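Everything below belongs to upload39.cif, which stores mmCIF, N, CA and C atoms.
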data_model
loop_
_atom_site.label_atom_id
_atom_site.label_comp_id
_atom_site.auth_asym_id
_atom_site.auth_seq_id
_atom_site.Cartn_x
_atom_site.Cartn_y
_atom_site.Cartn_z
N MET A 736 -36.01 -21.64 84.69
CA MET A 736 -35.70 -20.22 84.62
C MET A 736 -35.45 -19.87 83.15
N PRO A 737 -36.06 -18.79 82.65
CA PRO A 737 -35.83 -18.38 81.26
C PRO A 737 -34.36 -18.06 81.02
N GLY A 738 -33.94 -18.20 79.78
CA GLY A 738 -32.54 -17.93 79.43
C GLY A 738 -32.07 -16.55 79.83
N PHE A 739 -32.91 -15.53 79.61
CA PHE A 739 -32.53 -14.18 79.99
C PHE A 739 -32.26 -14.10 81.49
N ALA A 740 -33.11 -14.73 82.27
CA ALA A 740 -32.96 -14.65 83.73
C ALA A 740 -31.70 -15.36 84.19
N GLY A 741 -31.45 -16.52 83.62
CA GLY A 741 -30.30 -17.31 84.05
C GLY A 741 -28.96 -16.70 83.68
N SER A 742 -28.92 -15.90 82.63
CA SER A 742 -27.65 -15.32 82.19
C SER A 742 -27.51 -13.86 82.55
N SER A 743 -28.35 -13.38 83.42
CA SER A 743 -28.39 -11.94 83.66
C SER A 743 -27.46 -11.44 84.76
N ALA A 744 -26.73 -12.32 85.38
CA ALA A 744 -25.78 -11.87 86.40
C ALA A 744 -24.35 -12.19 85.99
N TYR A 745 -24.14 -12.51 84.71
CA TYR A 745 -22.81 -12.89 84.24
C TYR A 745 -21.80 -11.78 84.44
N TYR A 746 -22.24 -10.51 84.34
CA TYR A 746 -21.31 -9.40 84.49
C TYR A 746 -20.67 -9.40 85.87
N LEU A 747 -21.37 -9.92 86.87
CA LEU A 747 -20.79 -10.03 88.21
C LEU A 747 -19.69 -11.09 88.24
N ARG A 748 -19.91 -12.18 87.52
CA ARG A 748 -18.90 -13.24 87.47
C ARG A 748 -17.64 -12.76 86.77
N TYR A 749 -17.78 -11.89 85.75
CA TYR A 749 -16.61 -11.36 85.06
C TYR A 749 -15.69 -10.60 86.01
N MET A 750 -16.24 -10.08 87.08
CA MET A 750 -15.44 -9.33 88.04
C MET A 750 -14.50 -10.22 88.84
N ASP A 751 -14.82 -11.52 88.89
CA ASP A 751 -14.05 -12.44 89.72
C ASP A 751 -14.06 -13.83 89.09
N PRO A 752 -13.52 -13.98 87.89
CA PRO A 752 -13.69 -15.22 87.12
C PRO A 752 -12.97 -16.45 87.69
N ARG A 753 -11.95 -16.27 88.48
CA ARG A 753 -11.19 -17.43 88.99
C ARG A 753 -11.60 -17.85 90.39
N ASN A 754 -12.63 -17.26 90.91
CA ASN A 754 -13.09 -17.58 92.26
C ASN A 754 -13.82 -18.92 92.23
N SER A 755 -13.28 -19.91 92.90
CA SER A 755 -13.91 -21.23 92.91
C SER A 755 -14.76 -21.46 94.16
N GLU A 756 -14.77 -20.48 95.06
CA GLU A 756 -15.53 -20.61 96.31
C GLU A 756 -16.92 -19.97 96.24
N GLN A 757 -17.05 -18.92 95.47
CA GLN A 757 -18.31 -18.20 95.39
C GLN A 757 -18.41 -17.52 94.02
N MET A 758 -19.60 -17.03 93.70
CA MET A 758 -19.81 -16.41 92.39
C MET A 758 -18.87 -15.22 92.18
N PHE A 759 -18.70 -14.42 93.22
CA PHE A 759 -17.78 -13.29 93.19
C PHE A 759 -17.50 -12.89 94.62
N SER A 760 -16.34 -12.28 94.83
CA SER A 760 -15.98 -11.84 96.18
C SER A 760 -16.41 -10.39 96.38
N PRO A 761 -16.66 -10.03 97.63
CA PRO A 761 -16.98 -8.62 97.92
C PRO A 761 -15.84 -7.67 97.50
N GLU A 762 -14.60 -8.14 97.60
CA GLU A 762 -13.46 -7.32 97.22
C GLU A 762 -13.47 -7.05 95.71
N ALA A 763 -13.76 -8.07 94.92
CA ALA A 763 -13.78 -7.89 93.46
C ALA A 763 -14.89 -6.93 93.06
N VAL A 764 -16.07 -7.12 93.63
CA VAL A 764 -17.19 -6.24 93.29
C VAL A 764 -16.91 -4.82 93.78
N GLY A 765 -16.27 -4.70 94.94
CA GLY A 765 -15.90 -3.38 95.44
C GLY A 765 -14.90 -2.67 94.54
N TYR A 766 -14.00 -3.45 93.96
CA TYR A 766 -13.00 -2.86 93.06
C TYR A 766 -13.62 -2.45 91.73
N TRP A 767 -14.36 -3.36 91.11
CA TRP A 767 -14.93 -3.10 89.78
C TRP A 767 -16.21 -2.30 89.82
N GLU A 768 -16.95 -2.40 90.91
CA GLU A 768 -18.25 -1.75 91.10
C GLU A 768 -19.26 -2.20 90.05
N ASN A 769 -19.71 -1.31 89.18
CA ASN A 769 -20.72 -1.74 88.19
C ASN A 769 -20.19 -1.51 86.77
N VAL A 770 -20.94 -1.95 85.80
CA VAL A 770 -20.55 -1.85 84.39
C VAL A 770 -20.61 -0.39 83.95
N ASP A 771 -19.55 0.09 83.32
CA ASP A 771 -19.50 1.49 82.88
C ASP A 771 -20.51 1.78 81.77
N LEU A 772 -20.55 0.93 80.76
CA LEU A 772 -21.40 1.17 79.61
C LEU A 772 -21.95 -0.14 79.10
N TYR A 773 -23.25 -0.22 78.96
CA TYR A 773 -23.90 -1.40 78.40
C TYR A 773 -24.60 -0.98 77.12
N ILE A 774 -24.27 -1.66 76.01
CA ILE A 774 -24.88 -1.36 74.72
C ILE A 774 -25.71 -2.56 74.32
N GLY A 775 -26.98 -2.34 74.05
CA GLY A 775 -27.85 -3.45 73.66
C GLY A 775 -29.02 -2.98 72.82
N GLY A 776 -29.60 -3.91 72.12
CA GLY A 776 -30.77 -3.62 71.29
C GLY A 776 -32.05 -3.69 72.11
N THR A 777 -33.14 -3.33 71.51
CA THR A 777 -34.42 -3.24 72.20
C THR A 777 -34.85 -4.56 72.82
N GLU A 778 -34.86 -5.63 72.02
CA GLU A 778 -35.29 -6.92 72.56
C GLU A 778 -34.40 -7.35 73.71
N HIS A 779 -33.11 -7.12 73.54
CA HIS A 779 -32.15 -7.49 74.57
C HIS A 779 -32.41 -6.71 75.85
N ALA A 780 -32.66 -5.42 75.69
CA ALA A 780 -32.89 -4.56 76.85
C ALA A 780 -34.13 -4.99 77.62
N VAL A 781 -35.18 -5.31 76.90
CA VAL A 781 -36.43 -5.68 77.57
C VAL A 781 -36.26 -6.95 78.38
N GLY A 782 -35.64 -7.97 77.80
CA GLY A 782 -35.50 -9.24 78.51
C GLY A 782 -34.33 -9.26 79.47
N HIS A 783 -33.16 -9.21 78.91
CA HIS A 783 -31.95 -9.42 79.69
C HIS A 783 -31.72 -8.33 80.74
N LEU A 784 -31.90 -7.08 80.37
CA LEU A 784 -31.57 -6.00 81.30
C LEU A 784 -32.55 -5.88 82.46
N ILE A 785 -33.80 -6.22 82.24
CA ILE A 785 -34.74 -6.22 83.36
C ILE A 785 -34.30 -7.23 84.40
N TYR A 786 -33.93 -8.43 83.94
CA TYR A 786 -33.46 -9.44 84.87
C TYR A 786 -32.14 -9.05 85.52
N SER A 787 -31.25 -8.40 84.76
CA SER A 787 -29.99 -7.95 85.34
C SER A 787 -30.23 -6.98 86.48
N ARG A 788 -31.13 -6.06 86.24
CA ARG A 788 -31.46 -5.09 87.30
C ARG A 788 -32.08 -5.80 88.50
N PHE A 789 -32.98 -6.76 88.23
CA PHE A 789 -33.59 -7.51 89.32
C PHE A 789 -32.52 -8.20 90.17
N TRP A 790 -31.65 -8.98 89.51
CA TRP A 790 -30.62 -9.72 90.25
C TRP A 790 -29.72 -8.77 91.01
N ASN A 791 -29.29 -7.69 90.37
CA ASN A 791 -28.39 -6.75 91.03
C ASN A 791 -29.05 -6.11 92.24
N LYS A 792 -30.30 -5.68 92.10
CA LYS A 792 -30.99 -5.06 93.24
C LYS A 792 -31.23 -6.07 94.36
N PHE A 793 -31.55 -7.29 93.98
CA PHE A 793 -31.73 -8.36 94.98
C PHE A 793 -30.43 -8.60 95.75
N LEU A 794 -29.33 -8.74 95.01
CA LEU A 794 -28.03 -8.97 95.65
C LEU A 794 -27.55 -7.74 96.42
N PHE A 795 -27.91 -6.55 95.96
CA PHE A 795 -27.58 -5.32 96.69
C PHE A 795 -28.31 -5.30 98.03
N ASP A 796 -29.60 -5.65 98.01
CA ASP A 796 -30.37 -5.68 99.26
C ASP A 796 -29.80 -6.68 100.27
N LEU A 797 -29.18 -7.75 99.75
CA LEU A 797 -28.56 -8.74 100.63
C LEU A 797 -27.13 -8.37 101.02
N GLY A 798 -26.61 -7.29 100.45
CA GLY A 798 -25.28 -6.83 100.79
C GLY A 798 -24.16 -7.43 99.96
N TYR A 799 -24.48 -8.10 98.84
CA TYR A 799 -23.44 -8.73 98.02
C TYR A 799 -22.87 -7.80 96.96
N THR A 800 -23.64 -6.85 96.45
CA THR A 800 -23.12 -5.90 95.48
C THR A 800 -23.03 -4.52 96.13
N VAL A 801 -22.20 -3.66 95.55
CA VAL A 801 -21.96 -2.37 96.19
C VAL A 801 -22.73 -1.22 95.55
N LYS A 802 -23.36 -1.45 94.43
CA LYS A 802 -24.17 -0.43 93.76
C LYS A 802 -25.56 -1.00 93.51
N ASP A 803 -26.58 -0.15 93.67
CA ASP A 803 -27.94 -0.68 93.48
C ASP A 803 -28.35 -0.76 92.01
N GLU A 804 -27.61 -0.11 91.12
CA GLU A 804 -27.85 -0.22 89.69
C GLU A 804 -26.67 -0.94 89.05
N PRO A 805 -26.92 -1.90 88.15
CA PRO A 805 -25.81 -2.66 87.58
C PRO A 805 -25.01 -1.92 86.52
N PHE A 806 -25.59 -0.90 85.86
CA PHE A 806 -24.93 -0.25 84.74
C PHE A 806 -24.94 1.26 84.94
N LYS A 807 -23.76 1.89 84.77
CA LYS A 807 -23.68 3.34 84.90
C LYS A 807 -24.40 4.03 83.75
N LYS A 808 -24.25 3.47 82.55
CA LYS A 808 -24.87 4.08 81.38
C LYS A 808 -25.37 2.97 80.46
N LEU A 809 -26.54 3.18 79.91
CA LEU A 809 -27.14 2.25 78.97
C LEU A 809 -27.37 2.96 77.65
N VAL A 810 -26.88 2.37 76.56
CA VAL A 810 -27.12 2.90 75.23
C VAL A 810 -27.96 1.88 74.48
N ASN A 811 -29.13 2.31 74.06
CA ASN A 811 -30.01 1.44 73.31
C ASN A 811 -29.77 1.66 71.84
N GLN A 812 -29.45 0.59 71.12
CA GLN A 812 -29.17 0.70 69.70
C GLN A 812 -30.43 0.80 68.86
N GLY A 813 -31.57 0.60 69.46
CA GLY A 813 -32.81 0.60 68.70
C GLY A 813 -33.08 -0.77 68.11
N MET A 814 -33.93 -0.80 67.12
CA MET A 814 -34.31 -2.08 66.54
C MET A 814 -34.42 -1.94 65.03
N ILE A 815 -33.84 -2.88 64.32
CA ILE A 815 -33.96 -2.89 62.87
C ILE A 815 -35.34 -3.43 62.54
N GLN A 816 -36.06 -2.70 61.74
CA GLN A 816 -37.42 -3.11 61.39
C GLN A 816 -37.55 -3.26 59.89
N GLY A 817 -38.42 -4.15 59.50
CA GLY A 817 -38.77 -4.28 58.10
C GLY A 817 -37.69 -4.86 57.22
N ARG A 818 -37.71 -4.49 55.97
CA ARG A 818 -36.84 -5.08 54.96
C ARG A 818 -35.77 -4.12 54.49
N SER A 819 -35.53 -3.04 55.22
CA SER A 819 -34.61 -2.00 54.77
C SER A 819 -33.15 -2.44 54.78
N ASN A 820 -32.89 -3.64 55.23
CA ASN A 820 -31.51 -4.08 55.27
C ASN A 820 -31.16 -5.04 54.13
N PHE A 821 -31.87 -4.96 53.04
CA PHE A 821 -31.57 -5.77 51.87
C PHE A 821 -31.48 -4.91 50.62
N VAL A 822 -30.54 -5.27 49.75
CA VAL A 822 -30.50 -4.74 48.39
C VAL A 822 -30.44 -5.95 47.48
N TYR A 823 -30.61 -5.71 46.22
CA TYR A 823 -30.75 -6.82 45.28
C TYR A 823 -29.79 -6.62 44.12
N ARG A 824 -28.96 -7.63 43.87
CA ARG A 824 -28.01 -7.59 42.76
C ARG A 824 -28.62 -8.30 41.57
N VAL A 825 -28.59 -7.66 40.42
CA VAL A 825 -29.10 -8.27 39.20
C VAL A 825 -28.16 -9.42 38.85
N VAL A 826 -28.73 -10.61 38.67
CA VAL A 826 -27.95 -11.82 38.41
C VAL A 826 -27.05 -11.63 37.19
N GLY A 827 -25.78 -12.01 37.35
CA GLY A 827 -24.81 -11.94 36.26
C GLY A 827 -24.22 -10.57 36.01
N THR A 828 -24.55 -9.59 36.87
CA THR A 828 -24.02 -8.24 36.68
C THR A 828 -23.53 -7.71 38.02
N ASN A 829 -23.00 -6.52 37.98
CA ASN A 829 -22.63 -5.82 39.21
C ASN A 829 -23.59 -4.66 39.45
N LYS A 830 -24.81 -4.78 38.92
CA LYS A 830 -25.84 -3.75 39.06
C LYS A 830 -26.72 -4.10 40.26
N PHE A 831 -27.01 -3.09 41.08
CA PHE A 831 -27.86 -3.27 42.25
C PHE A 831 -29.16 -2.52 42.05
N VAL A 832 -30.26 -3.11 42.51
CA VAL A 832 -31.55 -2.44 42.47
C VAL A 832 -32.19 -2.54 43.84
N SER A 833 -33.12 -1.65 44.10
CA SER A 833 -33.79 -1.63 45.40
C SER A 833 -35.06 -2.48 45.36
N LEU A 834 -35.73 -2.56 46.49
CA LEU A 834 -36.95 -3.35 46.64
C LEU A 834 -37.99 -3.00 45.58
N ASN A 835 -38.13 -1.72 45.32
CA ASN A 835 -39.15 -1.27 44.38
C ASN A 835 -38.89 -1.71 42.94
N LEU A 836 -37.65 -2.05 42.61
CA LEU A 836 -37.31 -2.43 41.24
C LEU A 836 -37.00 -3.92 41.09
N LYS A 837 -36.93 -4.66 42.17
CA LYS A 837 -36.50 -6.06 42.06
C LYS A 837 -37.45 -6.91 41.22
N LYS A 838 -38.70 -6.53 41.16
CA LYS A 838 -39.68 -7.31 40.38
C LYS A 838 -39.38 -7.29 38.89
N ASP A 839 -38.61 -6.30 38.45
CA ASP A 839 -38.29 -6.15 37.03
C ASP A 839 -37.05 -6.94 36.60
N TYR A 840 -36.37 -7.59 37.54
CA TYR A 840 -35.11 -8.27 37.24
C TYR A 840 -35.07 -9.63 37.93
N GLN A 841 -34.16 -10.48 37.47
CA GLN A 841 -33.81 -11.68 38.21
C GLN A 841 -32.68 -11.25 39.14
N VAL A 842 -32.90 -11.36 40.46
CA VAL A 842 -31.95 -10.78 41.41
C VAL A 842 -31.50 -11.78 42.46
N THR A 843 -30.39 -11.44 43.08
CA THR A 843 -29.89 -12.13 44.26
C THR A 843 -30.05 -11.17 45.43
N GLU A 844 -30.68 -11.63 46.51
CA GLU A 844 -30.90 -10.79 47.69
C GLU A 844 -29.61 -10.74 48.51
N LEU A 845 -29.20 -9.53 48.90
CA LEU A 845 -28.00 -9.34 49.71
C LEU A 845 -28.35 -8.58 50.98
N HIS A 846 -27.91 -9.11 52.10
CA HIS A 846 -28.09 -8.44 53.39
C HIS A 846 -27.00 -7.39 53.50
N VAL A 847 -27.38 -6.15 53.80
CA VAL A 847 -26.43 -5.04 53.86
C VAL A 847 -26.61 -4.24 55.14
N ASP A 848 -25.64 -3.40 55.40
CA ASP A 848 -25.73 -2.45 56.51
C ASP A 848 -26.94 -1.54 56.26
N VAL A 849 -27.80 -1.38 57.26
CA VAL A 849 -29.03 -0.61 57.07
C VAL A 849 -28.78 0.86 56.78
N ASN A 850 -27.59 1.36 57.03
CA ASN A 850 -27.30 2.77 56.80
C ASN A 850 -27.24 3.15 55.32
N ILE A 851 -27.23 2.17 54.43
CA ILE A 851 -27.17 2.51 53.01
C ILE A 851 -28.55 2.48 52.36
N VAL A 852 -29.61 2.31 53.15
CA VAL A 852 -30.96 2.22 52.59
C VAL A 852 -31.81 3.38 53.10
N HIS A 853 -32.53 4.04 52.20
CA HIS A 853 -33.46 5.11 52.58
C HIS A 853 -34.79 4.48 52.99
N LYS A 854 -34.98 4.22 54.26
CA LYS A 854 -36.22 3.61 54.75
C LYS A 854 -37.37 4.61 54.70
N LYS A 855 -37.10 5.86 55.02
CA LYS A 855 -38.18 6.85 55.15
C LYS A 855 -38.80 7.25 53.80
N THR A 856 -38.07 7.03 52.74
CA THR A 856 -38.60 7.48 51.45
C THR A 856 -39.16 6.30 50.66
N THR A 857 -38.36 5.74 49.79
CA THR A 857 -38.89 4.72 48.87
C THR A 857 -38.19 3.38 48.99
N ASN A 858 -37.49 3.14 50.08
CA ASN A 858 -36.72 1.92 50.26
C ASN A 858 -35.64 1.75 49.19
N THR A 859 -35.14 2.86 48.67
CA THR A 859 -34.04 2.80 47.72
C THR A 859 -32.74 2.90 48.50
N PHE A 860 -31.69 2.40 47.92
CA PHE A 860 -30.42 2.49 48.62
C PHE A 860 -29.57 3.60 48.03
N VAL A 861 -28.59 4.04 48.80
CA VAL A 861 -27.75 5.17 48.42
C VAL A 861 -26.48 4.62 47.79
N VAL A 862 -26.33 4.83 46.49
CA VAL A 862 -25.22 4.26 45.74
C VAL A 862 -23.87 4.70 46.31
N GLY A 863 -23.76 5.97 46.65
CA GLY A 863 -22.50 6.48 47.20
C GLY A 863 -22.10 5.76 48.48
N ARG A 864 -23.07 5.50 49.34
CA ARG A 864 -22.79 4.79 50.58
C ARG A 864 -22.39 3.35 50.31
N LEU A 865 -23.03 2.74 49.33
CA LEU A 865 -22.69 1.36 48.97
C LEU A 865 -21.25 1.30 48.47
N LYS A 866 -20.84 2.25 47.64
CA LYS A 866 -19.47 2.25 47.11
C LYS A 866 -18.45 2.45 48.22
N LYS A 867 -18.75 3.31 49.20
CA LYS A 867 -17.82 3.58 50.29
C LYS A 867 -17.63 2.37 51.20
N CYS A 868 -18.66 1.60 51.40
CA CYS A 868 -18.55 0.53 52.39
C CYS A 868 -18.76 -0.86 51.77
N ARG A 869 -18.48 -1.02 50.52
CA ARG A 869 -18.77 -2.26 49.79
C ARG A 869 -18.23 -3.50 50.51
N SER A 870 -17.03 -3.47 51.02
CA SER A 870 -16.46 -4.66 51.62
C SER A 870 -17.07 -4.98 52.99
N ARG A 871 -17.40 -3.97 53.77
CA ARG A 871 -17.92 -4.26 55.11
C ARG A 871 -19.44 -4.22 55.20
N CYS A 872 -20.13 -3.63 54.22
CA CYS A 872 -21.59 -3.51 54.30
C CYS A 872 -22.31 -4.74 53.79
N LEU A 873 -21.71 -5.45 52.87
CA LEU A 873 -22.33 -6.66 52.37
C LEU A 873 -22.05 -7.77 53.35
N MET A 874 -23.10 -8.32 53.93
CA MET A 874 -22.94 -9.29 55.00
C MET A 874 -22.88 -10.71 54.47
#

Write-out of the structure in structure tokens:
Amino acid sequence: MPGFAGSSAYYLRYMDPRNSEQMFSPEAVGYWENVDLYIGGTEHAVGHLIYSRFWNKFLFDLGYTVKDEPFKKLVNQGMIQGRSNFVYRVVGTNKFVSLNLKKDYQVTELHVDVNIVHKKTTNTFVVGRLKKCRSRCLM
């Protein structure tokens, strides 16, 4: 069984983690019902969530779950694409340059929060955003 398929019913186990007789009790599932909010990225949604829905619908048809959908609301975070999540620090300085300028310097590549990079324009980063989030944006 693929990893996504095997781990796709874990949310049901969270409803009744100390049950040593069965995966979950009807009482626990009746109390918790389904997941209020599931947040996941595109790849995760395609693999894991399809299997989660399959398992939940299968168990619902057998009378083990109380809702035919496992999640009340799904928020897709999208997918990070390309190289927009990197900036480049000029070696020996505190100067940062973008992808378009890195060829002109000896640089260290830094993984950063994608919100500080202008992907739609020239792959340059926004200095003001970098200053605001310096401690948490540099990964």

In Å to one decimal, how far is CA of Tyr799 (chain A) from CA of Ala763 (chain A)?
->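 These atoms are spaced 10.7 Å apart.
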
Please identify all polymer residues within 6.5 Å of Asn791 (chain A), counting only N, CA and C atoms, omitting same-chain residues fewer than 6 positions from it, and present them as a PyMOL selection string.
-> chain A and resi 802-805

Can you work out the spacing between CA of Leu784 (chain A) and CA of Ala744 (chain A) in Å, to one decimal?
->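 Value for the CA of Leu784 (chain A)-CA of Ala744 (chain A) distance: 9.7 Å.
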
Fewer than 4 positions away in the same chain doesn't count, so skip those; otherwise give me all residues within 7 Å of Leu809 (chain A), counting only C-alpha atoms, as a PDB file with N, CA and C atoms, keeping the file's coordinate frame.
ATOM      1  N   LEU A 772     -20.550   0.930  80.760  1.00  0.00           N
ATOM      2  CA  LEU A 772     -21.400   1.170  79.610  1.00  0.00           C
ATOM      3  C   LEU A 772     -21.950  -0.140  79.100  1.00  0.00           C
ATOM      4  N   TYR A 773     -23.250  -0.220  78.960  1.00  0.00           N
ATOM      5  CA  TYR A 773     -23.900  -1.400  78.400  1.00  0.00           C
ATOM      6  C   TYR A 773     -24.600  -0.980  77.120  1.00  0.00           C
ATOM      7  N   ILE A 774     -24.270  -1.660  76.010  1.00  0.00           N
ATOM      8  CA  ILE A 774     -24.880  -1.360  74.720  1.00  0.00           C
ATOM      9  C   ILE A 774     -25.710  -2.560  74.320  1.00  0.00           C
TER      10      ILE A 774
END

Record the distance separating CA of Leu794 (chain A) and atom C of Asp771 (chain A), expressed in Å with one decimal.
->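 Answer for the CA of Leu794 (chain A) to atom C of Asp771 (chain A) separation: 19.1 Å.
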
Can you work out which one of A:Gln812, A:Thr828, A:Asn769, A:Ser833 has the shortest atom-to-atom distance to Arg748 (chain A), counting only C-alpha atoms?
->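 Among the listed residues, A:Asn769 lies closest to Arg748 (chain A).
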